[in-house]
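Source file: entry_20.txt. Holds: compact mmCIF, C-alpha atoms and all ligand atoms.
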```txt
# COMPACT_ATOMS: atom_id res chain seq x y z
CA MET A 688 0.75 39.94 -6.74
CA THR A 689 0.13 40.96 -10.36
CA ALA A 690 2.86 42.54 -12.50
CA GLU A 691 1.06 45.89 -12.13
CA ASP A 692 0.79 45.57 -8.35
CA SER A 693 4.47 44.80 -8.11
CA LEU A 694 5.30 48.32 -9.40
CA ALA A 695 2.89 49.98 -6.96
CA PRO A 696 4.20 52.66 -4.55
CA PRO A 697 6.62 51.13 -2.04
CA ARG A 698 5.31 49.82 1.25
CA SER A 699 8.62 48.40 2.47
CA LEU A 700 11.74 50.16 3.68
CA TYR A 701 15.21 48.67 4.06
CA ILE A 702 17.82 50.51 6.13
CA HIS A 703 21.44 49.35 6.03
CA LEU A 704 23.56 49.69 9.17
CA PRO A 705 26.99 48.54 8.04
CA PHE A 706 28.88 48.32 11.34
CA CYS A 707 30.44 45.12 12.66
CA ARG A 708 32.89 44.48 15.49
CA ARG A 709 35.10 42.57 13.05
CA ARG A 710 34.75 40.96 9.66
CA CYS A 711 33.65 37.30 9.89
CA ALA A 712 35.84 34.92 7.92
CA TYR A 713 33.12 34.12 5.35
CA CYS A 714 31.64 37.60 4.85
CA ASP A 715 31.89 39.83 1.78
CA PHE A 716 29.04 42.22 2.66
CA ALA A 717 29.29 46.01 2.63
CA ILE A 718 30.39 46.53 6.23
CA ALA A 719 32.54 48.94 8.23
CA VAL A 720 34.67 47.84 11.14
CA SER A 721 34.77 51.05 13.15
CA GLY A 722 34.17 52.80 16.44
CA PRO A 723 31.29 54.96 17.73
CA ASP A 724 32.54 58.12 15.98
CA LEU A 725 31.78 56.84 12.47
CA GLN A 726 28.51 55.38 13.78
CA ASP A 727 27.39 58.86 14.91
CA ARG A 728 28.40 60.49 11.64
CA TYR A 729 26.77 57.64 9.71
CA LEU A 730 23.53 58.02 11.64
CA ASP A 731 23.51 61.77 10.91
CA ALA A 732 24.00 61.00 7.19
CA LEU A 733 21.30 58.33 7.25
CA LEU A 734 18.80 60.72 8.84
CA ALA A 735 19.74 63.37 6.27
CA GLU A 736 18.96 60.87 3.49
CA LEU A 737 15.74 59.90 5.21
CA ARG A 738 14.65 63.57 5.25
CA LEU A 739 15.54 63.96 1.57
CA VAL A 740 13.47 60.89 0.68
CA THR A 741 10.44 61.74 2.80
CA ARG A 742 10.45 65.29 1.39
CA THR A 743 9.87 63.84 -2.08
CA SER A 744 7.19 61.47 -0.63
CA PRO A 745 7.78 58.33 -2.71
CA ALA A 746 6.02 56.26 -0.02
CA ALA A 747 2.45 57.33 -0.71
CA GLU A 748 1.19 54.27 1.18
CA PRO A 749 1.79 53.43 4.84
CA LEU A 750 4.80 51.17 5.28
CA GLN A 751 3.95 47.52 5.95
CA THR A 752 7.53 46.50 6.73
CA VAL A 753 10.74 48.16 7.91
CA HIS A 754 13.91 46.08 8.02
CA LEU A 755 17.07 47.20 9.81
CA GLY A 756 19.78 45.04 8.23
CA GLY A 757 23.53 44.96 8.19
CA GLY A 758 26.19 44.69 9.18
CA THR A 759 25.15 44.39 12.79
CA PRO A 760 22.25 46.78 13.50
CA SER A 761 22.18 45.63 17.13
CA LEU A 762 25.64 47.25 17.51
CA LEU A 763 23.99 50.66 17.21
CA GLY A 764 22.88 50.59 20.87
CA PRO A 765 19.42 51.57 22.19
CA GLU A 766 19.99 55.35 22.11
CA ARG A 767 21.02 55.59 18.47
CA LEU A 768 18.38 53.02 17.60
CA GLU A 769 15.72 55.14 19.27
CA ARG A 770 16.84 58.19 17.27
CA LEU A 771 16.59 56.19 14.05
CA ILE A 772 13.20 54.64 14.85
CA GLU A 773 11.77 58.03 15.86
CA ALA A 774 12.97 59.51 12.56
CA VAL A 775 11.38 56.66 10.58
CA ALA A 776 8.09 57.08 12.47
CA ALA A 777 8.17 60.86 11.94
CA GLY A 778 9.05 60.66 8.23
CA PHE A 779 6.81 57.82 7.10
CA SER A 780 3.37 56.63 7.99
CA LEU A 781 3.58 53.12 9.48
CA ALA A 782 0.68 50.74 8.86
CA GLU A 783 -0.97 49.15 11.85
CA GLY A 784 0.84 45.90 12.56
CA CYS A 785 3.91 47.07 10.60
CA GLU A 786 6.63 44.39 10.72
CA PHE A 787 9.70 46.12 12.19
CA THR A 788 12.72 43.84 12.05
CA LEU A 789 16.11 44.23 13.70
CA GLU A 790 18.99 41.95 12.74
CA ALA A 791 21.06 41.12 15.83
CA ASN A 792 24.20 39.23 16.76
CA PRO A 793 24.36 37.33 20.07
CA GLU A 794 27.24 39.53 21.29
CA GLU A 795 24.95 42.56 21.77
CA VAL A 796 21.99 40.68 23.22
CA THR A 797 21.26 40.98 26.95
CA PRO A 798 17.94 40.58 28.77
CA ALA A 799 17.78 44.35 29.36
CA VAL A 800 18.57 45.33 25.78
CA THR A 801 15.96 42.97 24.32
CA ARG A 802 13.30 44.58 26.51
CA GLU A 803 14.43 48.02 25.29
CA TRP A 804 14.12 46.85 21.67
CA ALA A 805 10.57 45.63 22.37
CA CYS A 806 9.70 49.02 23.95
CA LEU A 807 11.15 50.84 20.92
CA GLY A 808 8.68 49.00 18.66
CA ILE A 809 10.82 46.20 17.25
CA THR A 810 8.33 43.45 16.38
CA ARG A 811 10.72 40.91 14.90
CA ALA A 812 14.32 40.04 15.76
CA SER A 813 16.55 38.03 13.45
CA LEU A 814 19.43 36.47 15.36
CA GLY A 815 22.67 35.38 13.65
CA ILE A 816 23.43 32.19 15.57
CA GLN A 817 25.01 30.46 12.52
CA SER A 818 26.27 27.36 14.39
CA LEU A 819 26.20 25.75 17.81
CA SER A 820 29.65 24.21 17.56
CA ASP A 821 32.35 26.32 19.20
CA PRO A 822 35.21 25.18 16.91
CA THR A 823 32.99 25.96 13.88
CA LEU A 824 32.07 29.40 15.25
CA ARG A 825 35.78 30.13 15.69
CA TRP A 826 36.49 28.91 12.14
CA LEU A 827 33.78 31.25 10.85
CA GLY A 828 35.39 34.11 12.76
CA ARG A 829 32.29 34.72 14.88
CA GLY A 830 32.69 36.60 18.14
CA HIS A 831 30.27 34.49 20.22
CA ASP A 832 30.14 30.91 21.38
CA ALA A 833 27.31 28.40 21.32
CA GLU A 834 26.24 29.11 24.89
CA LEU A 835 25.84 32.84 24.22
CA GLY A 836 23.95 32.08 21.00
CA LEU A 837 21.39 30.00 22.90
CA SER A 838 21.19 32.46 25.81
CA ALA A 839 20.52 35.30 23.35
CA LEU A 840 17.76 33.25 21.74
CA GLY A 841 16.19 32.59 25.16
CA TRP A 842 16.31 36.28 26.14
CA LEU A 843 14.72 37.31 22.86
CA ARG A 844 11.93 34.75 23.36
CA GLU A 845 11.16 36.32 26.76
CA SER A 846 11.55 39.95 25.70
CA GLY A 847 8.08 40.72 24.41
CA ILE A 848 9.33 40.96 20.81
CA ARG A 849 6.56 39.24 18.87
CA GLN A 850 8.60 37.14 16.44
CA VAL A 851 12.08 35.67 16.72
CA SER A 852 14.02 34.27 13.80
CA CYS A 853 17.43 32.55 13.74
CA ASP A 854 20.03 32.08 11.03
CA LEU A 855 21.94 28.81 10.81
CA ILE A 856 24.53 27.82 8.22
CA PHE A 857 25.14 24.32 6.89
CA ALA A 858 27.82 22.75 4.65
CA ILE A 859 30.62 24.30 6.73
CA PRO A 860 34.04 22.65 6.28
CA GLY A 861 34.97 20.76 9.44
CA GLN A 862 31.41 20.66 10.87
CA SER A 863 29.97 17.13 10.76
CA THR A 864 26.38 16.48 9.80
CA ALA A 865 25.76 15.18 13.33
CA ALA A 866 27.11 18.41 14.87
CA PHE A 867 25.02 20.55 12.50
CA LEU A 868 21.83 18.62 13.27
CA ASP A 869 22.52 18.64 17.00
CA GLY A 870 22.76 22.45 16.80
CA LEU A 871 19.53 22.64 14.84
CA ASP A 872 17.74 20.49 17.44
CA ARG A 873 18.99 22.70 20.27
CA VAL A 874 17.70 25.80 18.48
CA LEU A 875 14.33 24.16 17.80
CA ARG A 876 13.84 23.53 21.53
CA PHE A 877 13.34 27.32 21.83
CA GLN A 878 10.51 27.13 19.29
CA PRO A 879 11.67 30.01 17.06
CA ASP A 880 8.94 31.52 14.89
CA HIS A 881 11.21 31.53 11.86
CA LEU A 882 14.48 29.93 10.81
CA SER A 883 16.75 30.73 7.86
CA CYS A 884 19.01 27.83 6.95
CA TYR A 885 21.69 28.80 4.41
CA GLU A 886 24.41 26.81 2.71
CA LEU A 887 27.84 28.38 3.26
CA THR A 888 29.08 30.11 0.12
CA LEU A 889 32.85 30.44 -0.17
CA GLU A 890 32.91 33.96 -1.59
CA PRO A 891 36.04 35.07 -3.47
CA GLY A 892 38.40 37.14 -1.34
CA THR A 893 37.17 35.76 2.01
CA THR A 894 39.32 33.98 4.59
CA THR A 895 37.21 30.82 4.42
CA ARG A 896 37.67 30.68 0.65
CA ARG A 897 41.45 31.02 1.04
CA LEU A 898 41.52 28.27 3.70
CA VAL A 899 39.69 25.88 1.40
CA ASP A 900 41.57 26.88 -1.77
CA SER A 901 44.91 26.37 0.00
CA GLY A 902 43.90 22.80 0.88
CA ARG A 903 44.01 23.37 4.66
CA TYR A 904 40.30 22.56 4.85
CA PRO A 905 38.43 20.25 2.48
CA GLN A 906 35.47 21.62 0.54
CA VAL A 907 32.23 20.02 1.73
CA ALA A 908 31.18 17.35 -0.78
CA GLU A 909 27.96 18.06 -2.66
CA ALA A 910 26.42 14.84 -1.31
CA VAL A 911 27.15 15.91 2.29
CA ALA A 912 25.68 19.37 1.74
CA LEU A 913 22.57 17.74 0.26
CA GLU A 914 22.30 15.32 3.20
CA GLN A 915 22.46 18.26 5.64
CA LEU A 916 19.86 20.22 3.68
CA ARG A 917 17.45 17.26 3.48
CA SER A 918 17.87 16.30 7.13
CA ALA A 919 17.35 19.91 8.24
CA ARG A 920 14.25 20.20 6.10
CA ALA A 921 12.78 17.01 7.59
CA ARG A 922 13.46 18.18 11.17
CA LEU A 923 12.04 21.65 10.54
CA LEU A 924 8.86 20.27 8.99
CA ALA A 925 8.51 17.77 11.85
CA ALA A 926 8.80 20.72 14.27
CA GLY A 927 5.72 22.29 12.64
CA LEU A 928 7.48 24.92 10.54
CA ILE A 929 6.59 25.36 6.90
CA ARG A 930 9.13 25.89 4.15
CA TYR A 931 8.00 28.99 2.27
CA GLU A 932 11.25 29.81 0.49
CA VAL A 933 14.20 27.72 -0.56
CA SER A 934 16.19 28.60 2.61
CA ASN A 935 13.44 29.92 4.91
CA TYR A 936 11.00 28.19 7.27
CA SER A 937 8.39 29.64 9.61
CA ARG A 938 5.37 28.96 11.72
CA PRO A 939 2.30 29.61 9.56
CA GLY A 940 1.75 33.38 9.50
CA CYS A 941 5.28 34.20 10.72
CA GLU A 942 6.93 34.43 7.30
CA SER A 943 9.20 37.46 6.83
CA ARG A 944 6.75 39.83 5.14
CA HIS A 945 9.64 42.09 4.17
CA ASN A 946 11.52 39.35 2.34
CA LEU A 947 8.31 37.95 0.82
CA ASN A 948 7.84 41.33 -0.82
CA TYR A 949 11.34 41.04 -2.40
CA TRP A 950 10.70 37.54 -3.69
CA ARG A 951 7.29 38.52 -5.07
CA GLY A 952 8.99 41.27 -7.06
CA GLY A 953 7.47 44.14 -5.04
CA THR A 954 8.89 47.64 -4.72
CA TYR A 955 10.84 48.89 -1.72
CA LEU A 956 12.77 51.92 -0.59
CA ALA A 957 16.34 51.65 0.66
CA LEU A 958 18.46 53.94 2.78
CA GLY A 959 22.11 53.67 3.75
CA ALA A 960 25.49 52.70 2.37
CA GLY A 961 25.53 49.70 0.06
CA SER A 962 21.74 49.28 0.08
CA HIS A 963 19.67 48.57 -3.04
CA GLY A 964 16.11 49.77 -3.64
CA PHE A 965 13.53 48.97 -6.30
CA LEU A 966 10.74 51.33 -7.37
CA GLY A 967 8.13 51.83 -10.05
CA GLY A 968 8.62 54.74 -12.48
CA PRO A 969 6.68 57.51 -10.65
CA ALA A 970 8.31 56.82 -7.26
CA ALA A 971 11.75 56.64 -8.90
CA SER A 972 11.15 59.96 -10.70
CA ALA A 973 10.17 61.54 -7.39
CA LEU A 974 13.60 60.54 -6.09
CA GLY A 975 15.18 62.20 -9.14
CA LEU A 976 16.11 58.92 -10.86
CA PRO A 977 15.70 58.49 -14.63
CA ALA A 978 12.52 56.49 -15.27
CA GLY A 979 10.54 55.85 -18.44
CA GLN A 980 6.94 54.72 -18.72
CA GLY A 981 6.06 51.34 -17.13
CA VAL A 982 9.59 50.46 -16.06
CA GLY A 983 10.98 49.28 -12.76
CA VAL A 984 14.01 51.13 -11.44
CA ARG A 985 16.71 49.50 -9.34
CA TYR A 986 19.05 51.90 -7.54
CA TRP A 987 21.98 51.49 -5.23
CA HIS A 988 24.02 53.54 -2.79
CA TYR A 989 27.73 54.16 -2.32
CA ARG A 990 29.05 50.96 -0.79
CA ASP A 991 31.68 52.47 1.47
CA ALA A 992 30.24 53.98 4.69
CA ALA A 993 32.79 56.84 4.84
CA THR A 994 32.06 57.80 1.20
CA TYR A 995 28.33 57.67 1.89
CA VAL A 996 28.77 60.00 4.88
CA ARG A 997 30.89 62.41 2.82
CA VAL A 998 28.43 62.51 -0.10
CA LEU A 999 25.45 63.14 2.19
CA GLY A 1000 27.48 65.89 3.87
CA GLN A 1001 27.71 67.56 0.45
CA GLY A 1002 23.92 67.53 0.17
CA SER A 1003 23.67 64.66 -2.34
CA SER A 1004 21.33 61.70 -1.88
CA GLY A 1005 23.89 58.91 -1.35
CA ILE A 1006 22.53 57.07 -4.40
CA ARG A 1007 25.40 55.95 -6.60
CA ASP A 1008 23.50 54.82 -9.69
CA SER A 1009 20.34 53.20 -11.04
CA GLU A 1010 19.13 51.06 -13.90
CA GLN A 1011 15.76 50.78 -15.61
CA LEU A 1012 14.22 47.36 -16.14
CA ASP A 1013 11.79 46.99 -19.02
CA ASP A 1014 8.84 44.64 -19.09
CA SER A 1015 10.72 41.55 -20.31
CA GLN A 1016 13.56 42.07 -17.81
CA LEU A 1017 11.00 42.48 -15.03
CA ARG A 1018 9.25 39.26 -16.04
CA LEU A 1019 12.50 37.28 -15.97
CA GLU A 1020 13.46 38.77 -12.63
CA ARG A 1021 10.04 37.93 -11.17
CA LEU A 1022 10.38 34.39 -12.50
CA ALA A 1023 13.83 33.89 -10.91
CA LEU A 1024 12.71 35.35 -7.57
CA GLY A 1025 9.27 33.71 -7.55
CA LEU A 1026 10.66 30.22 -8.12
CA ARG A 1027 12.45 30.53 -4.77
CA LEU A 1028 9.03 30.55 -3.09
CA THR A 1029 7.08 27.36 -2.45
CA GLU A 1030 3.96 29.26 -3.59
CA GLY A 1031 5.67 29.60 -6.99
CA VAL A 1032 5.07 32.27 -9.59
CA GLU A 1033 2.52 33.12 -12.31
CA VAL A 1034 3.90 32.61 -15.83
CA ALA A 1035 1.95 34.02 -18.77
CA GLU A 1036 4.23 33.28 -21.76
CA ALA A 1037 3.40 30.13 -23.76
CA GLN A 1038 7.04 29.13 -24.36
CA LEU A 1039 7.83 29.46 -20.65
CA LEU A 1040 4.84 27.33 -19.73
CA ALA A 1041 5.90 24.70 -22.30
CA ALA A 1042 9.44 24.65 -20.86
CA SER A 1043 7.97 24.40 -17.36
CA GLN A 1044 5.89 21.40 -18.43
CA ARG A 1045 9.03 19.68 -19.77
CA LEU A 1046 10.80 20.23 -16.42
CA ALA A 1047 7.66 19.11 -14.58
CA ALA A 1048 7.91 15.76 -16.38
CA HIS A 1049 11.24 15.23 -14.53
CA GLY A 1050 9.59 15.97 -11.19
CA TRP A 1051 11.37 19.31 -10.69
CA LEU A 1052 8.42 21.65 -11.19
CA GLU A 1053 4.65 21.58 -10.71
CA VAL A 1054 2.46 23.46 -13.16
CA GLU A 1055 -1.11 24.34 -12.25
CA GLY A 1056 -2.75 26.60 -14.83
CA GLN A 1057 -0.27 29.47 -15.13
CA ARG A 1058 1.29 28.92 -11.70
CA VAL A 1059 4.69 27.26 -11.70
CA ARG A 1060 6.39 26.08 -8.53
CA ALA A 1061 9.52 24.12 -7.76
CA THR A 1062 9.11 20.73 -6.04
CA PRO A 1063 11.44 19.86 -3.12
CA ALA A 1064 13.65 18.04 -5.68
CA GLY A 1065 13.56 21.12 -7.93
CA MET A 1066 14.55 23.38 -5.00
CA GLU A 1067 17.80 21.39 -4.80
CA ILE A 1068 18.76 22.44 -8.34
CA LEU A 1069 17.01 25.79 -8.41
CA ASP A 1070 19.79 27.76 -10.12
CA ARG A 1071 19.90 25.26 -12.98
CA LEU A 1072 16.12 25.22 -13.36
CA THR A 1073 15.96 29.00 -13.39
CA LEU A 1074 18.65 29.22 -16.07
CA GLU A 1075 16.85 26.65 -18.22
CA LEU A 1076 13.59 28.57 -17.98
CA ILE A 1077 15.22 31.92 -18.67
CA ALA A 1078 16.87 30.43 -21.75
CA ALA A 1079 13.51 29.08 -23.03
S1 LIG B 1 28.30 40.00 11.53
FE1 LIG B 1 27.31 39.53 9.57
S2 LIG B 1 27.65 41.35 8.29
FE2 LIG B 1 29.09 41.48 10.04
S3 LIG B 1 30.97 40.60 9.28
FE3 LIG B 1 29.85 38.94 10.29
S4 LIG B 1 28.62 38.00 8.63
FE4 LIG B 1 29.36 39.98 7.88
```
Let me see whether you can do it: turn the structure in this file into structure tokens.
Ligand code: SF4
Amino acid sequence: MTAEDSLAPPRSLYIHLPFCRRRCAYCDFAIAVSGPDLQDRYLDALLAELRLVTRTSPAAEPLQTVHLGGGTPSLLGPERLERLIEAVAAGFSLAEGCEFTLEANPEEVTPAVTREWACLGITRASLGIQSLSDPTLRWLGRGHDAELGLSALGWLRESGIRQVSCDLIFAIPGQSTAAFLDGLDRVLRFQPDHLSCYELTLEPGTTTRRLVDSGRYPQVAEAVALEQLRSARARLLAAGLIRYEVSNYSRPGCESRHNLNYWRGGTYLALGAGSHGFLGGPAASALGLPAGQGVGVRYWHYRDAATYVRVLGQGSSGIRDSEQLDDSQLRLERLALGLRLTEGVEVAEAQLLAASQRLAAHGWLEVEGQRVRATPAGMEILDRLTLELIAA
């Protein structure tokens, strides 16, 4: 994707559904722990925002991807989900083969509900399994056990939903490398199309962070985290998946097209509390956001679901604020995002290419013409590499 293409009219839509049954011990996302009443009012607000956005027509192109993220979108239930999907289909034009993803937690998955999701047009399900060790799932504050996680995966595989992805977390205090890899092997037996494998981050303010800071649980040593990452990578590659992003693996052709668009610096619309969107100038202006010539505009919504509902009820858009990114900011952002991808990123500036060559001499980057990509060793120190290049 060229720099110009990346500011083209949006062809991706993110919708945030912030509800969860409870807050997991490691989570600092914008979520709402609430009952069906707020869900109904939230859905009304979301559909009001959707109508406001489609009235201004910033999506001049058919949508290639729609991603229902959270929170726990699967908590919405088939009826509310149908209302939402019908509104999306009525408000936007959907390209043929549009990737329509639903994030789900095992607690809401049943054989019947997965078939309903398939009938509603969900083409990709992303299942938050996280671990297959029951003590670890309890420590993470998850509401499901390993058996339900695997059952949910099996039901999704049989549901008619075209692609199934799983999330697993490594470097969890108290979970041995053997237990982590055993869980990974059990997931791989279901031949998922896609697997996201994330290192646990101990976010400030979370229960897991407090447990580690208080000394009740030891922080996972860097060498152990690295061992888990390398072993997982080897097993995933041996299972025929390709690594296309630092934490994401897929069968060839089953990459998350929605997330690829983010990492390639593409534009996307966002709806819902706490969600962030990114648009080129004309599309941002159509939404009423300040936008100069040739800039990218990032915008974000009120984070709190109740505030979002109230603001929409007053006829406002739910957008809290926005910022304009000029050409040099956009280039740096594209560099940081693009380096996450194994395909790498095009770099035009001479000093950046020279710095890339210096890092390539250490085996951390590969440089081919103007394309720069991180090697597997470079992926292990990606934040450091990115900072060094940005400073160049
Ligand atoms: S289900 Fe996901 S979004 Fe909800 S609290 Fe747990 S980690 Fe956070």
*Compare A:Arg811, A:Arg849, A:Arg742, A:Arg829 by their minimum atom-to-atom distance to ligand LIG 1 (chain B), counting all atoms listed in the file, and give me the closest one.*
A:Arg829
*asked:* What does the list of residues within 12 Å of ligand LIG 1 (chain B) look like if you count all atoms listed in the file, written as a count of residues only?
replied: 54
Given 5 Å on each side, where is the centre and what are the edge lengths in Å to one decimal of the axis-aligned box enclosing the listed atoms of stretch 866-875 of chain A, as lines of an AutoDock Vina configuration file?
```
center_x = 20.7
center_y = 22.1
center_z = 16.4
size_x = 22.8
size_y = 17.4
size_z = 17.8
```
Can stretch 883-901 of chain A be brought up to N, CA and C atoms and written out as a PDB file, in the frame of the given file?
```pdb
ATOM      1  N   SER A 883      16.102  30.683   9.178  1.00  0.00           N
ATOM      2  CA  SER A 883      16.750  30.730   7.860  1.00  0.00           C
ATOM      3  C   SER A 883      17.928  29.773   7.905  1.00  0.00           C
ATOM      4  N   CYS A 884      17.998  28.883   6.942  1.00  0.00           N
ATOM      5  CA  CYS A 884      19.010  27.830   6.950  1.00  0.00           C
ATOM      6  C   CYS A 884      19.761  27.909   5.613  1.00  0.00           C
ATOM      7  N   TYR A 885      20.965  28.507   5.649  1.00  0.00           N
ATOM      8  CA  TYR A 885      21.690  28.800   4.410  1.00  0.00           C
ATOM      9  C   TYR A 885      22.889  27.889   4.241  1.00  0.00           C
ATOM     10  N   GLU A 886      23.175  27.534   3.005  1.00  0.00           N
ATOM     11  CA  GLU A 886      24.410  26.810   2.710  1.00  0.00           C
ATOM     12  C   GLU A 886      25.561  27.817   2.680  1.00  0.00           C
ATOM     13  N   LEU A 887      26.695  27.469   3.271  1.00  0.00           N
ATOM     14  CA  LEU A 887      27.840  28.380   3.260  1.00  0.00           C
ATOM     15  C   LEU A 887      28.337  28.564   1.820  1.00  0.00           C
ATOM     16  N   THR A 888      28.483  29.811   1.426  1.00  0.00           N
ATOM     17  CA  THR A 888      29.080  30.110   0.120  1.00  0.00           C
ATOM     18  C   THR A 888      30.493  30.601   0.378  1.00  0.00           C
ATOM     19  N   LEU A 889      31.454  30.016  -0.335  1.00  0.00           N
ATOM     20  CA  LEU A 889      32.850  30.440  -0.170  1.00  0.00           C
ATOM     21  C   LEU A 889      33.104  31.576  -1.154  1.00  0.00           C
ATOM     22  N   GLU A 890      32.815  32.796  -0.698  1.00  0.00           N
ATOM     23  CA  GLU A 890      32.910  33.960  -1.590  1.00  0.00           C
ATOM     24  C   GLU A 890      34.372  34.282  -1.891  1.00  0.00           C
ATOM     25  N   PRO A 891      34.662  34.684  -3.141  1.00  0.00           N
ATOM     26  CA  PRO A 891      36.040  35.070  -3.470  1.00  0.00           C
ATOM     27  C   PRO A 891      36.538  36.178  -2.540  1.00  0.00           C
ATOM     28  N   GLY A 892      37.791  36.086  -2.152  1.00  0.00           N
ATOM     29  CA  GLY A 892      38.400  37.140  -1.340  1.00  0.00           C
ATOM     30  C   GLY A 892      38.197  36.949   0.163  1.00  0.00           C
ATOM     31  N   THR A 893      37.398  35.951   0.567  1.00  0.00           N
ATOM     32  CA  THR A 893      37.170  35.760   2.010  1.00  0.00           C
ATOM     33  C   THR A 893      38.209  34.798   2.584  1.00  0.00           C
ATOM     34  N   THR A 894      38.371  34.868   3.906  1.00  0.00           N
ATOM     35  CA  THR A 894      39.320  33.980   4.590  1.00  0.00           C
ATOM     36  C   THR A 894      38.924  32.518   4.412  1.00  0.00           C
ATOM     37  N   THR A 895      37.641  32.218   4.551  1.00  0.00           N
ATOM     38  CA  THR A 895      37.210  30.820   4.420  1.00  0.00           C
ATOM     39  C   THR A 895      37.530  30.286   3.025  1.00  0.00           C
ATOM     40  N   ARG A 896      37.364  31.112   2.017  1.00  0.00           N
ATOM     41  CA  ARG A 896      37.670  30.680   0.650  1.00  0.00           C
ATOM     42  C   ARG A 896      39.160  30.362   0.522  1.00  0.00           C
ATOM     43  N   ARG A 897      39.989  31.244   1.113  1.00  0.00           N
ATOM     44  CA  ARG A 897      41.450  31.020   1.040  1.00  0.00           C
ATOM     45  C   ARG A 897      41.829  29.730   1.766  1.00  0.00           C
ATOM     46  N   LEU A 898      41.191  29.472   2.930  1.00  0.00           N
ATOM     47  CA  LEU A 898      41.520  28.270   3.700  1.00  0.00           C
ATOM     48  C   LEU A 898      41.184  27.002   2.912  1.00  0.00           C
ATOM     49  N   VAL A 899      40.087  27.056   2.187  1.00  0.00           N
ATOM     50  CA  VAL A 899      39.690  25.880   1.400  1.00  0.00           C
ATOM     51  C   VAL A 899      40.549  25.780   0.131  1.00  0.00           C
ATOM     52  N   ASP A 900      40.756  26.909  -0.543  1.00  0.00           N
ATOM     53  CA  ASP A 900      41.570  26.880  -1.770  1.00  0.00           C
ATOM     54  C   ASP A 900      43.000  26.415  -1.498  1.00  0.00           C
ATOM     55  N   SER A 901      43.522  26.750  -0.303  1.00  0.00           N
ATOM     56  CA  SER A 901      44.910  26.370   0.000  1.00  0.00           C
ATOM     57  C   SER A 901      45.013  24.899   0.402  1.00  0.00           C
TER      58      SER A 901
END
```
